[in-house]
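Enquirer: Here you go, this is my_file23.txt (compact mmCIF, C-alpha atoms).
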# COMPACT_ATOMS: atom_id res chain seq x y z
CA MET A 1280 129.27 112.08 112.30
CA ARG A 1281 126.27 114.40 111.96
CA LEU A 1282 122.58 113.85 111.52
CA SER A 1283 121.50 114.55 107.98
CA LEU A 1284 118.86 117.05 106.99
CA ALA A 1285 117.85 114.74 104.18
CA LYS A 1286 114.42 113.17 104.41
CA PRO A 1287 114.69 109.61 105.72
CA VAL A 1288 113.59 106.70 103.61
CA PRO A 1289 109.80 106.50 104.12
CA TYR A 1290 108.49 103.47 105.88
CA THR A 1291 105.32 102.00 104.41
CA ILE A 1292 103.01 99.94 106.60
CA PRO A 1293 101.73 96.90 104.68
CA SER A 1294 97.95 96.90 104.55
CA THR A 1295 97.83 93.49 106.21
CA HIS A 1296 99.64 94.85 109.26
CA VAL A 1297 97.43 97.82 110.09
CA ARG A 1298 94.08 97.84 111.82
CA ILE A 1299 91.75 100.78 112.26
CA ASP A 1300 91.57 100.05 116.00
CA CYS A 1301 95.34 100.17 116.57
CA CYS A 1302 95.05 103.09 119.00
CA ARG A 1303 92.17 101.44 120.79
CA ALA A 1304 94.30 98.37 121.34
CA LEU A 1305 96.97 100.53 122.89
CA THR A 1306 94.46 101.95 125.35
CA GLN A 1307 93.88 98.62 127.05
CA PRO A 1308 96.73 98.81 129.57
CA ILE A 1309 97.69 95.73 131.51
CA LYS A 1310 96.67 95.96 135.16
CA LEU A 1311 98.87 93.97 137.50
CA ASN A 1312 97.66 93.24 141.03
CA ARG A 1313 100.77 92.88 143.16
CA LYS A 1314 99.00 90.67 145.72
CA SER A 1315 97.40 88.17 143.38
CA MET A 1316 99.81 88.67 140.46
CA GLN A 1317 96.82 88.33 138.13
CA ILE A 1318 96.64 90.29 134.91
CA THR A 1319 93.31 91.84 133.98
CA ASP A 1320 92.11 93.75 130.97
CA GLN A 1321 90.70 96.94 132.47
CA PRO A 1322 90.70 99.89 130.03
CA LEU A 1323 91.06 103.46 131.21
CA GLN A 1324 88.11 105.80 130.76
CA ASN A 1325 90.14 108.04 128.44
CA TRP A 1326 93.15 106.84 126.49
CA GLU A 1327 94.97 110.12 127.01
CA ARG A 1328 95.12 109.34 130.74
CA LEU A 1329 98.16 107.24 129.89
CA LEU A 1330 99.79 110.63 129.41
CA ASP A 1331 97.97 112.47 132.22
CA PRO A 1332 100.19 115.29 133.47
CA VAL A 1333 100.85 115.70 137.14
CA ASP A 1334 98.72 118.14 139.12
CA SER A 1335 101.24 118.48 141.90
CA ALA A 1336 101.09 122.19 142.69
CA MET A 1337 104.88 122.09 142.92
CA PRO A 1338 106.58 125.48 142.67
CA SER A 1339 107.93 126.41 139.26
CA ARG A 1340 111.03 127.83 140.87
CA SER A 1341 112.74 127.94 144.27
CA PRO A 1342 113.86 131.52 144.96
CA SER A 1343 115.55 130.52 148.23
CA VAL A 1344 117.92 128.08 146.54
CA LYS A 1345 120.92 129.87 145.05
CA LEU A 1346 122.80 127.66 142.60
CA ARG A 1347 125.11 130.34 141.24
CA ASN A 1348 128.73 129.12 141.25
CA LYS A 1349 127.68 125.45 141.61
CA TRP A 1350 125.25 125.44 138.70
CA MET A 1351 127.49 123.35 136.44
CA GLU A 1352 127.64 120.66 139.10
CA TYR A 1353 123.86 120.45 139.16
CA GLN A 1354 123.84 120.39 135.36
CA GLY A 1355 126.01 117.28 135.47
CA VAL A 1356 129.50 118.50 134.66
CA ARG A 1357 130.79 115.88 137.16
CA ASN A 1358 128.09 113.37 136.21
CA TRP A 1359 126.22 114.15 139.43
CA GLU A 1360 128.79 112.38 141.58
CA GLY A 1361 127.73 112.50 145.23
CA LEU A 1362 124.35 114.06 144.41
CA LEU A 1363 122.16 111.05 143.66
CA ASP A 1364 122.45 108.77 146.70
CA PRO A 1365 121.31 110.40 148.88
CA LEU A 1366 119.50 112.77 146.56
CA ASP A 1367 120.75 116.32 146.98
CA GLU A 1368 117.89 118.68 147.85
CA ASN A 1369 118.97 121.31 145.33
CA LEU A 1370 119.12 118.68 142.60
CA ARG A 1371 115.71 117.38 143.63
CA GLY A 1372 114.31 120.87 143.16
CA GLU A 1373 115.88 121.22 139.72
CA ILE A 1374 114.58 117.82 138.57
CA LEU A 1375 111.06 118.71 139.70
CA ARG A 1376 111.33 122.14 138.08
CA TYR A 1377 112.24 120.64 134.71
CA GLY A 1378 109.51 118.03 135.17
CA ASN A 1379 107.04 120.90 135.41
CA PHE A 1380 108.21 122.12 132.00
CA VAL A 1381 107.33 118.70 130.57
CA GLU A 1382 103.98 118.85 132.36
CA ALA A 1383 103.32 122.15 130.59
CA ALA A 1384 103.92 120.45 127.23
CA TYR A 1385 101.25 117.87 128.06
CA LYS A 1386 98.75 120.42 129.33
CA SER A 1387 99.20 122.57 126.22
CA PHE A 1388 98.53 119.73 123.76
CA ASP A 1389 95.06 119.23 122.27
CA PHE A 1390 94.33 115.53 122.88
CA ASP A 1391 90.73 115.61 121.59
CA PRO A 1392 90.53 113.64 118.29
CA ALA A 1393 87.20 115.32 117.52
CA SER A 1394 88.65 118.79 117.84
CA PRO A 1395 89.50 120.74 114.65
CA THR A 1396 92.77 121.70 116.38
CA TYR A 1397 93.69 118.13 117.37
CA ALA A 1398 97.44 117.53 117.79
CA THR A 1399 98.26 121.24 117.97
CA CYS A 1400 99.20 123.52 120.84
CA GLN A 1401 96.20 125.08 122.54
CA PHE A 1402 98.02 128.20 123.70
CA PRO A 1403 100.14 130.92 122.08
CA LYS A 1404 103.77 131.29 123.08
CA SER A 1405 103.11 134.38 125.17
CA THR A 1406 100.74 132.63 127.59
CA LEU A 1407 101.62 128.92 127.30
CA LEU A 1408 103.40 128.56 130.62
CA GLU A 1409 100.88 130.60 132.58
CA ARG A 1410 97.84 128.82 131.10
CA SER A 1411 99.40 125.42 131.69
CA GLY A 1412 99.91 126.13 135.39
CA LEU A 1413 103.39 127.70 135.52
CA PRO A 1414 102.81 131.43 136.06
CA GLU A 1415 106.17 132.48 137.54
CA THR A 1416 108.98 130.54 135.91
CA GLY A 1417 110.98 133.52 134.67
CA TYR A 1418 111.11 131.83 131.24
CA ARG A 1419 109.62 132.95 127.93
CA ILE A 1420 108.59 130.60 125.09
CA THR A 1421 110.50 131.44 121.92
CA LYS A 1422 109.65 128.53 119.62
CA HIS A 1423 106.90 125.95 119.08
CA LEU A 1424 108.22 122.56 117.93
CA ARG A 1425 106.56 119.91 115.75
CA ALA A 1426 107.48 116.30 115.03
CA THR A 1427 106.62 114.52 111.79
CA SER A 1428 106.25 110.81 111.18
CA GLY A 1429 107.88 109.27 108.14
CA ILE A 1430 105.39 106.37 108.03
CA GLN A 1431 103.24 106.11 104.95
CA LEU A 1432 99.92 104.42 105.67
CA PRO A 1433 98.09 102.27 103.10
CA ARG A 1434 95.81 104.13 100.71
CA TRP A 1435 92.68 102.58 102.21
CA THR A 1436 93.30 104.52 105.42
CA GLU A 1437 92.35 107.70 103.55
CA LYS A 1438 88.75 106.86 104.48
CA ALA A 1439 89.64 106.41 108.13
CA PRO A 1440 89.18 109.20 110.71
CA SER A 1441 91.60 112.05 110.14
CA TRP A 1442 93.22 111.62 113.57
CA MET A 1443 94.54 108.23 112.50
CA ALA A 1444 96.73 109.74 109.79
CA THR A 1445 97.88 112.88 111.61
CA GLN A 1446 101.42 113.04 110.29
CA SER A 1447 102.78 116.15 111.98
CA SER A 1448 101.93 117.26 115.51
CA TRP A 1449 103.02 119.73 118.17
CA ILE A 1450 105.63 118.03 120.35
CA GLY A 1451 107.00 120.77 122.64
CA TYR A 1452 108.70 124.12 122.83
CA VAL A 1453 111.86 126.12 123.45
CA ALA A 1454 111.91 128.52 126.41
CA VAL A 1455 114.58 130.99 127.51
CA CYS A 1456 115.09 132.36 131.01
CA GLN A 1457 114.55 136.13 130.84
CA ASP A 1458 113.99 137.09 134.49
CA LYS A 1459 117.05 138.77 136.03
CA GLU A 1460 116.40 137.36 139.50
CA GLU A 1461 116.02 133.83 138.16
CA ILE A 1462 119.17 134.19 136.04
CA SER A 1463 121.00 135.32 139.17
CA ARG A 1464 119.65 132.36 141.16
CA LEU A 1465 120.59 129.87 138.44
CA GLY A 1466 124.01 131.41 137.87
CA ARG A 1467 123.49 131.53 134.11
CA ARG A 1468 120.86 132.05 131.43
CA ASP A 1469 119.11 128.73 130.85
CA VAL A 1470 117.49 127.51 127.64
CA VAL A 1471 114.92 124.72 128.03
CA ILE A 1472 113.72 122.39 125.28
CA SER A 1473 110.72 120.41 126.53
CA PHE A 1474 109.07 117.41 124.83
CA ARG A 1475 105.83 115.60 125.63
CA GLY A 1476 105.38 111.84 125.25
CA THR A 1477 103.50 109.76 122.69
CA ALA A 1478 100.05 111.04 121.76
CA THR A 1479 99.10 110.36 118.11
CA CYS A 1480 98.47 107.13 116.25
CA LEU A 1481 101.51 107.47 113.99
CA GLU A 1482 103.73 108.26 116.98
CA TRP A 1483 102.63 104.96 118.53
CA LEU A 1484 103.54 103.19 115.30
CA GLU A 1485 106.94 104.89 115.19
CA ASN A 1486 107.59 103.68 118.74
CA VAL A 1487 107.37 100.05 117.68
CA ARG A 1488 109.89 100.45 114.84
CA ALA A 1489 112.46 99.21 117.30
CA THR A 1490 115.34 98.11 115.08
CA LEU A 1491 118.43 100.29 115.10
CA ALA A 1492 119.15 102.50 112.10
CA ASN A 1493 122.37 104.15 111.02
CA ILE A 1494 122.54 107.87 111.60
CA PRO A 1495 123.07 109.23 108.08
CA ASN A 1496 126.28 111.01 107.23
CA ALA A 1497 125.65 114.74 107.00
CA ASP A 1498 127.90 114.96 103.95
CA SER A 1499 125.61 112.63 102.02
CA ASP A 1500 122.49 113.78 100.22
CA LYS A 1501 120.90 110.37 100.61
CA SER A 1502 119.79 109.17 104.02
CA SER A 1503 119.88 105.59 102.74
CA VAL A 1504 123.68 105.61 102.62
CA LYS A 1505 124.88 103.43 105.47
CA SER A 1506 127.53 104.49 107.92
CA PRO A 1507 130.66 102.36 108.44
CA PRO A 1508 130.47 99.44 110.91
CA GLY A 1509 130.65 100.55 114.51
CA SER A 1510 128.98 103.89 113.77
CA PRO A 1511 126.26 105.39 115.97
CA MET A 1512 122.83 103.84 115.48
CA VAL A 1513 119.50 104.84 117.00
CA GLU A 1514 115.95 103.49 117.09
CA SER A 1515 114.36 103.81 113.65
CA GLY A 1516 111.10 105.37 114.78
CA PHE A 1517 112.72 108.01 116.97
CA LEU A 1518 115.06 109.00 114.14
CA SER A 1519 112.10 109.21 111.78
CA LEU A 1520 110.18 111.55 114.09
CA TYR A 1521 113.24 113.74 114.50
CA THR A 1522 114.31 114.04 110.86
CA SER A 1523 111.12 113.63 108.77
CA ARG A 1524 109.49 116.69 107.25
CA THR A 1525 106.34 117.47 105.30
CA PRO A 1526 106.31 119.00 101.80
CA THR A 1527 105.41 122.33 103.36
CA GLY A 1528 106.99 122.15 106.82
CA PRO A 1529 110.44 121.62 108.35
CA SER A 1530 111.53 118.66 110.42
CA LEU A 1531 111.92 118.80 114.18
CA GLN A 1532 115.68 118.68 113.60
CA GLU A 1533 115.57 121.74 111.34
CA MET A 1534 113.44 123.71 113.79
CA VAL A 1535 115.75 122.92 116.70
CA ARG A 1536 118.90 123.82 114.76
CA GLU A 1537 117.44 127.10 113.53
CA GLU A 1538 116.35 128.18 117.01
CA ILE A 1539 119.56 127.11 118.77
CA GLN A 1540 121.65 128.97 116.20
CA ARG A 1541 119.60 132.10 116.81
CA LEU A 1542 119.90 131.79 120.59
CA LEU A 1543 123.64 131.17 120.48
CA GLN A 1544 124.07 134.29 118.37
CA THR A 1545 121.96 136.27 120.83
CA TYR A 1546 123.30 134.99 124.16
CA GLY A 1547 126.54 133.25 123.27
CA ASP A 1548 128.70 135.81 125.05
CA GLU A 1549 127.23 135.12 128.50
CA PRO A 1550 127.04 132.05 130.79
CA LEU A 1551 124.53 129.77 129.09
CA SER A 1552 123.14 126.26 129.51
CA LEU A 1553 120.94 124.11 127.28
CA THR A 1554 118.64 121.80 129.24
CA ILE A 1555 116.60 119.30 127.24
CA THR A 1556 113.86 117.46 129.08
CA GLY A 1557 111.09 115.06 128.17
CA HIS A 1558 108.98 112.11 129.23
CA SER A 1559 108.64 108.75 127.45
CA LEU A 1560 108.97 109.42 123.69
CA GLY A 1561 109.98 112.95 124.66
CA ALA A 1562 112.86 111.54 126.69
CA ALA A 1563 114.16 109.70 123.63
CA LEU A 1564 113.82 112.80 121.44
CA ALA A 1565 115.62 114.82 124.12
CA ILE A 1566 118.69 112.57 123.83
CA LEU A 1567 118.61 112.72 120.02
CA THR A 1568 118.30 116.50 120.18
CA ALA A 1569 121.26 116.79 122.55
CA TYR A 1570 123.40 114.62 120.27
CA ASP A 1571 122.45 116.71 117.23
CA ILE A 1572 123.11 120.05 118.95
CA LYS A 1573 126.57 119.02 120.13
CA THR A 1574 127.35 117.58 116.70
CA THR A 1575 126.12 120.62 114.77
CA PHE A 1576 127.41 123.43 116.99
CA LYS A 1577 131.06 122.84 117.82
CA HIS A 1578 131.14 125.61 120.43
CA ALA A 1579 127.82 124.81 122.06
CA PRO A 1580 127.58 125.40 125.82
CA LEU A 1581 126.97 122.63 128.35
CA VAL A 1582 124.08 120.47 127.15
CA THR A 1583 122.17 118.52 129.79
CA VAL A 1584 119.33 116.03 129.38
CA ILE A 1585 116.88 115.42 132.23
CA SER A 1586 114.68 112.53 131.09
CA PHE A 1587 111.70 110.83 132.72
CA GLY A 1588 110.64 107.27 131.86
CA GLY A 1589 112.63 107.15 128.65
CA PRO A 1590 113.10 104.03 126.49
CA ARG A 1591 116.47 102.99 125.13
CA VAL A 1592 117.64 105.08 122.21
CA GLY A 1593 120.85 103.87 120.56
CA ASN A 1594 123.77 101.47 120.47
CA ARG A 1595 127.08 101.52 122.33
CA SER A 1596 128.75 103.68 119.68
CA PHE A 1597 125.95 106.24 120.05
CA ARG A 1598 126.53 106.34 123.79
CA GLN A 1599 130.28 106.70 123.34
CA HIS A 1600 129.78 109.64 120.97
CA LEU A 1601 127.50 111.34 123.51
CA GLU A 1602 130.14 110.93 126.20
CA LYS A 1603 132.90 112.21 123.93
CA GLN A 1604 130.80 115.29 123.11
CA GLY A 1605 130.44 116.09 126.79
CA THR A 1606 126.66 115.74 126.75
CA ARG A 1607 125.31 115.04 130.25
CA VAL A 1608 122.30 112.76 130.61
CA LEU A 1609 120.40 112.10 133.83
CA ARG A 1610 117.81 109.37 133.34
CA ILE A 1611 115.03 109.21 135.92
CA VAL A 1612 113.91 105.57 135.91
CA ASN A 1613 111.08 103.77 137.71
CA SER A 1614 112.19 100.16 138.06
CA ASP A 1615 108.53 99.11 137.76
CA ASP A 1616 108.13 100.92 134.42
CA VAL A 1617 108.45 98.49 131.50
CA ILE A 1618 109.00 101.31 128.99
CA THR A 1619 112.47 101.94 130.43
CA LYS A 1620 113.45 98.33 129.64
CA VAL A 1621 112.72 98.42 125.91
CA PRO A 1622 113.46 98.21 123.04
CA GLY A 1623 115.99 95.50 122.24
CA PHE A 1624 118.67 94.00 124.46
CA VAL A 1625 121.48 95.60 126.38
CA VAL A 1626 124.84 93.96 125.70
CA ASP A 1627 127.28 96.33 127.30
CA GLU A 1628 130.24 95.13 129.33
CA ASP A 1629 131.10 98.74 130.21
CA ASN A 1630 127.85 99.38 132.05
CA ASP A 1631 126.92 96.43 134.25
CA ALA A 1632 124.49 98.42 136.38
CA ALA A 1633 122.41 99.29 133.35
CA LYS A 1634 122.03 95.62 132.44
CA LYS A 1635 120.60 94.34 135.69
CA ASP A 1636 117.05 94.26 134.34
CA ASP A 1637 117.97 92.80 130.97
CA ILE A 1638 117.77 89.15 130.01
CA MET A 1639 121.18 89.27 128.34
CA SER A 1640 122.80 90.01 131.71
CA ILE A 1641 121.57 86.75 133.27
CA PRO A 1642 124.59 84.65 134.42
CA GLY A 1643 125.23 81.69 132.15
CA ILE A 1644 124.42 83.36 128.84
CA PRO A 1645 127.38 82.36 126.61
CA SER A 1646 129.55 85.21 125.41
CA TRP A 1647 129.18 84.14 121.79
CA ILE A 1648 125.40 84.60 122.04
CA GLN A 1649 125.89 88.06 123.49
CA LYS A 1650 128.27 88.89 120.64
CA LYS A 1651 125.78 87.67 118.04
CA VAL A 1652 123.03 89.79 119.57
CA GLU A 1653 125.32 92.80 119.61
CA GLU A 1654 125.88 92.39 115.87
CA THR A 1655 122.16 92.60 115.20
CA GLN A 1656 119.96 95.68 114.97
CA TRP A 1657 118.61 95.00 118.47
CA ALA A 1658 121.67 95.63 120.64
CA TYR A 1659 121.16 98.83 122.65
CA ALA A 1660 123.21 100.60 125.31
CA GLU A 1661 122.01 102.68 128.24
CA VAL A 1662 123.25 106.27 128.30
CA GLY A 1663 124.17 108.72 131.03
CA ARG A 1664 123.65 108.46 134.79
CA GLU A 1665 120.60 106.84 136.25
CA LEU A 1666 118.46 107.85 139.21
CA ARG A 1667 116.56 104.64 139.89
CA LEU A 1668 113.29 104.84 141.78
CA SER A 1669 110.53 102.33 142.47
CA SER A 1670 106.76 102.59 142.80
CA LYS A 1671 106.99 99.90 145.50
CA ASP A 1672 108.82 102.34 147.77
CA SER A 1673 105.95 104.81 147.91
CA PRO A 1674 103.48 104.36 150.79
CA TYR A 1675 100.82 105.94 148.56
CA ILE A 1676 100.98 103.39 145.74
CA ASN A 1677 99.16 100.27 146.94
CA ASN A 1678 99.00 98.40 143.66
CA ILE A 1679 101.26 98.18 140.65
CA ASN A 1680 99.52 99.50 137.56
CA VAL A 1681 101.59 99.22 134.40
CA ALA A 1682 100.16 102.38 132.88
CA ALA A 1683 100.40 104.43 136.08
CA CYS A 1684 104.01 103.36 136.69
CA HIS A 1685 104.92 105.12 133.46
CA GLU A 1686 103.02 108.36 134.06
CA LEU A 1687 104.88 111.62 134.57
CA LYS A 1688 102.70 112.12 137.64
CA THR A 1689 104.20 109.02 139.23
CA TYR A 1690 107.76 110.02 138.36
CA LEU A 1691 107.48 113.44 139.97
CA HIS A 1692 105.86 111.88 143.03
CA LEU A 1693 108.75 109.43 143.39
CA VAL A 1694 111.42 112.09 142.87
CA ASN A 1695 109.73 114.26 145.47
CA GLY A 1696 109.84 111.45 148.01
CA PHE A 1697 113.14 109.70 147.27
CA VAL A 1698 115.90 109.97 149.89
CA SER A 1699 118.49 107.26 149.20
CA SER A 1700 118.81 103.57 148.39
CA SER A 1701 118.91 102.76 152.12
CA CYS A 1702 115.93 105.03 152.91
CA PRO A 1703 113.86 105.06 149.71
CA PHE A 1704 111.01 107.36 150.70
CA ARG A 1705 110.68 110.29 153.07
CA ALA A 1706 107.58 110.57 155.24
CA THR A 1707 107.15 114.27 154.46
CA ALA A 1708 106.85 113.82 150.70
CA LYS A 1709 103.86 115.47 149.09
CA ARG A 1710 101.10 113.18 147.98
CA VAL A 1711 100.60 114.16 144.35
CA LEU A 1712 99.08 111.03 142.86
CA GLY A 1713 95.57 110.91 141.43
CA ASN A 1714 93.13 108.16 142.39
CA HIS A 1715 93.66 106.20 139.19
CA ALA A 1716 97.37 105.87 139.97
CA ARG A 1717 96.57 104.04 143.17
CA THR A 1718 93.95 101.59 141.98
CA VAL A 1719 94.05 98.40 139.96
If you convert what's in this file into structure tokens, what do you get?
Expert:
Amino acid sequence: MRLSLAKPVPYTIPSTHVRIDCCRALTQPIKLNRKSMQITDQPLQNWERLLDPVDSAMPSRSPSVKLRNKWMEYQGVRNWEGLLDPLDENLRGEILRYGNFVEAAYKSFDFDPASPTYATCQFPKSTLLERSGLPETGYRITKHLRATSGIQLPRWTEKAPSWMATQSSWIGYVAVCQDKEEISRLGRRDVVISFRGTATCLEWLENVRATLANIPNADSDKSSVKSPPGSPMVESGFLSLYTSRTPTGPSLQEMVREEIQRLLQTYGDEPLSLTITGHSLGAALAILTAYDIKTTFKHAPLVTVISFGGPRVGNRSFRQHLEKQGTRVLRIVNSDDVITKVPGFVVDEDNDAAKKDDIMSIPGIPSWIQKKVEETQWAYAEVGRELRLSSKDSPYINNINVAACHELKTYLHLVNGFVSSSCPFRATAKRVLGNHARTV
């Protein structure tokens, strides 16, 4: 089963279902006071602060840590057995390093709706990492990536501000390790694909298209052709952002395939790894990208996903195909982050740990109800291994803020401090949170 290059069936928003202030509504995050358990409506000063990158001053690489012969272990070839609890220090450094690549994607994006360059990358490839705060990674950007929404807005929105209908936007980049010392430290040449999270109005709308959709058969010219029962299915909006294209521009899928093919031809005869990382929406796209790469390139090297705060992506068959491909997925999850618990329901007897936060795992739910749910387009399955953290474990987070619990800043702070399930937070962890992440 392969993802099709064909344009997906466009999704048209009925005029009665769209409001001009849809993005404004999404910028009123719920604030939850842990002590009083009262919900208040307290908007952030700037809506993009939901996506505020971390200003952690964490090193972009750790020259003293030599991975070398053990690099495949840290890339998940053994599913990180024995490395997560307690958290291995080398693995901690690698997770934070890849988190910095996601941070760079956020810092490079033009969030200003009034800017003529809104939704584009602010920096050229040659200086992106340096200008976004990563001056000595040893990596070089080789490709800018864009994602396109397949949603067609009502005609009356043509008079709305242009930022509302921004269909295609810069979503991330491909970077290749070129520094000989860093290649020696890593034990291989590493290729990074980094994705930011949700930023534009249409991306928000794609996020809420939560029903599962069949992954089209690559042999078919029509994306509307359904796959057989039991085939891999993924969230409709994520698939749309990955496979949609404009009349003049390629899809994210096409750009990724073209660049990976070029890189495999260039470096395929040496030790090579593909690491795909992202936060929020970017985490979902990272998993879709990994699936597509392993499906398209039969002799692809080890593909690893390091995701932060990612939502659910696909059904049980999708997860099984990922596992059969040999794709390794490490999901960094904050148990206080609601985004990691949506969309849909988890009905998965093979992964009890992943269901512990899901209503369908509550004892007493009849099996026939679970089966009925699984037959719908709302039955998801968790993928990969999970590193579960909690904002409650940090001595620097005094109140639970729904928006802050989802921020990349918070995730990197928690990874930096996590020790083990029995000792959740180390006293020497750097304090990297901003003031708004600690207030109600």
Enquirer: Which one is closest to Asn1486 (chain A): A:Ser1552, A:Thr1416, A:Ser1559, A:Ser1463? Count all atoms listed in the file.
Expert: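 For Asn1486 (chain A), the nearest of the given residues is A:Ser1559.
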Enquirer: So what do you get for CA of Ala1569 (chain A) versus CA of Thr1606 (chain A), distance-wise?
Expert: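 Taking CA of Ala1569 (chain A) as the start and CA of Thr1606 (chain A) as the end point, the length is 6.9 Å.
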Enquirer: A:Met1443, A:Ile1430, A:Ile1566, A:Leu1346: which is nearest Leu1465 (chain A), counting all atoms listed in the file?
Expert: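 Nearest candidate to Leu1465 (chain A) out of A:Met1443, A:Ile1430, A:Ile1566, A:Leu1346: A:Leu1346.
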Enquirer: My list of candidates is A:Glu1382, A:Phe1388, A:Val1356, A:Thr1445. Which is closest to Val1608 (chain A) when distances are computed with all atoms listed in the file?
Expert: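 Closest candidate: A:Val1356.
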Enquirer: Need the shell around Ser1673 (chain A): protein/DNA/RNA residues with any atom at most 12 Å away, counting only C-alpha atoms. Skip same-chain ones fewer than 3 positions apart. Format as a ChimeraX atom specification?
Expert: /A:1613,1615,1668-1670,1676-1679,1684,1689-1698,1702-1712,1716-1717
Enquirer: Go ahead and dump the residues you just picked, C-alpha atoms, as a short mmCIF file (atom, residue, chain, number, x, y, z; two decimals), in the coordinates of the input.
Expert:
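And here's selection.cif as it stands now:
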data_model
loop_
_atom_site.label_atom_id
_atom_site.label_comp_id
_atom_site.auth_asym_id
_atom_site.auth_seq_id
_atom_site.Cartn_x
_atom_site.Cartn_y
_atom_site.Cartn_z
CA ASN A 1613 111.08 103.77 137.71
CA ASP A 1615 108.53 99.11 137.76
CA LEU A 1668 113.29 104.84 141.78
CA SER A 1669 110.53 102.33 142.47
CA SER A 1670 106.76 102.59 142.80
CA ILE A 1676 100.98 103.39 145.74
CA ASN A 1677 99.16 100.27 146.94
CA ASN A 1678 99.00 98.40 143.66
CA ILE A 1679 101.26 98.18 140.65
CA CYS A 1684 104.01 103.36 136.69
CA THR A 1689 104.20 109.02 139.23
CA TYR A 1690 107.76 110.02 138.36
CA LEU A 1691 107.48 113.44 139.97
CA HIS A 1692 105.86 111.88 143.03
CA LEU A 1693 108.75 109.43 143.39
CA VAL A 1694 111.42 112.09 142.87
CA ASN A 1695 109.73 114.26 145.47
CA GLY A 1696 109.84 111.45 148.01
CA PHE A 1697 113.14 109.70 147.27
CA VAL A 1698 115.90 109.97 149.89
CA CYS A 1702 115.93 105.03 152.91
CA PRO A 1703 113.86 105.06 149.71
CA PHE A 1704 111.01 107.36 150.70
CA ARG A 1705 110.68 110.29 153.07
CA ALA A 1706 107.58 110.57 155.24
CA THR A 1707 107.15 114.27 154.46
CA ALA A 1708 106.85 113.82 150.70
CA LYS A 1709 103.86 115.47 149.09
CA ARG A 1710 101.10 113.18 147.98
CA VAL A 1711 100.60 114.16 144.35
CA LEU A 1712 99.08 111.03 142.86
CA ALA A 1716 97.37 105.87 139.97
CA ARG A 1717 96.57 104.04 143.17
#
Enquirer: I'd like the interatomic distance between CA of Arg1664 (chain A) and CA of Trp1359 (chain A), to a tenth of an Å.
Expert: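 Rounded to one decimal, the two atoms are 7.8 Å apart.
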Enquirer: Can you tell me which residues surround Gly1547 (chain A) at a distance of at most 12 Å, considering only C-alpha atoms, apart from same-chain residues fewer than 2 positions away, and format the answer as a ChimeraX atom specification?
Expert: /A:1467-1470,1539-1545,1549-1553,1576,1578-1581
Enquirer: List as a ChimeraX atom specification the protein and nucleic acid residues near Leu1484 (chain A), meaning an atom at most 9 Å away when all atoms listed in the file are counted, but skip any in the same chain fewer than 4 places from it.
Expert: /A:1301,1430,1479-1480,1488,1516
Enquirer: Measuring atom to atom with all atoms listed in the file, identify which of A:Ala1398, A:Val1681, A:Ile1462, A:Val1487 is nearest to Ser1448 (chain A).
Expert: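 Of A:Ala1398, A:Val1681, A:Ile1462, A:Val1487, the one nearest Ser1448 (chain A) is A:Ala1398, counting all atoms listed in the file.
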Enquirer: Enter the distance from CA of Leu1609 (chain A) to CA of Glu1686 (chain A), in Å, rounded to one decimal.
Expert: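 CA of Glu1686 (chain A) lies at a distance of 17.8 Å from CA of Leu1609 (chain A).
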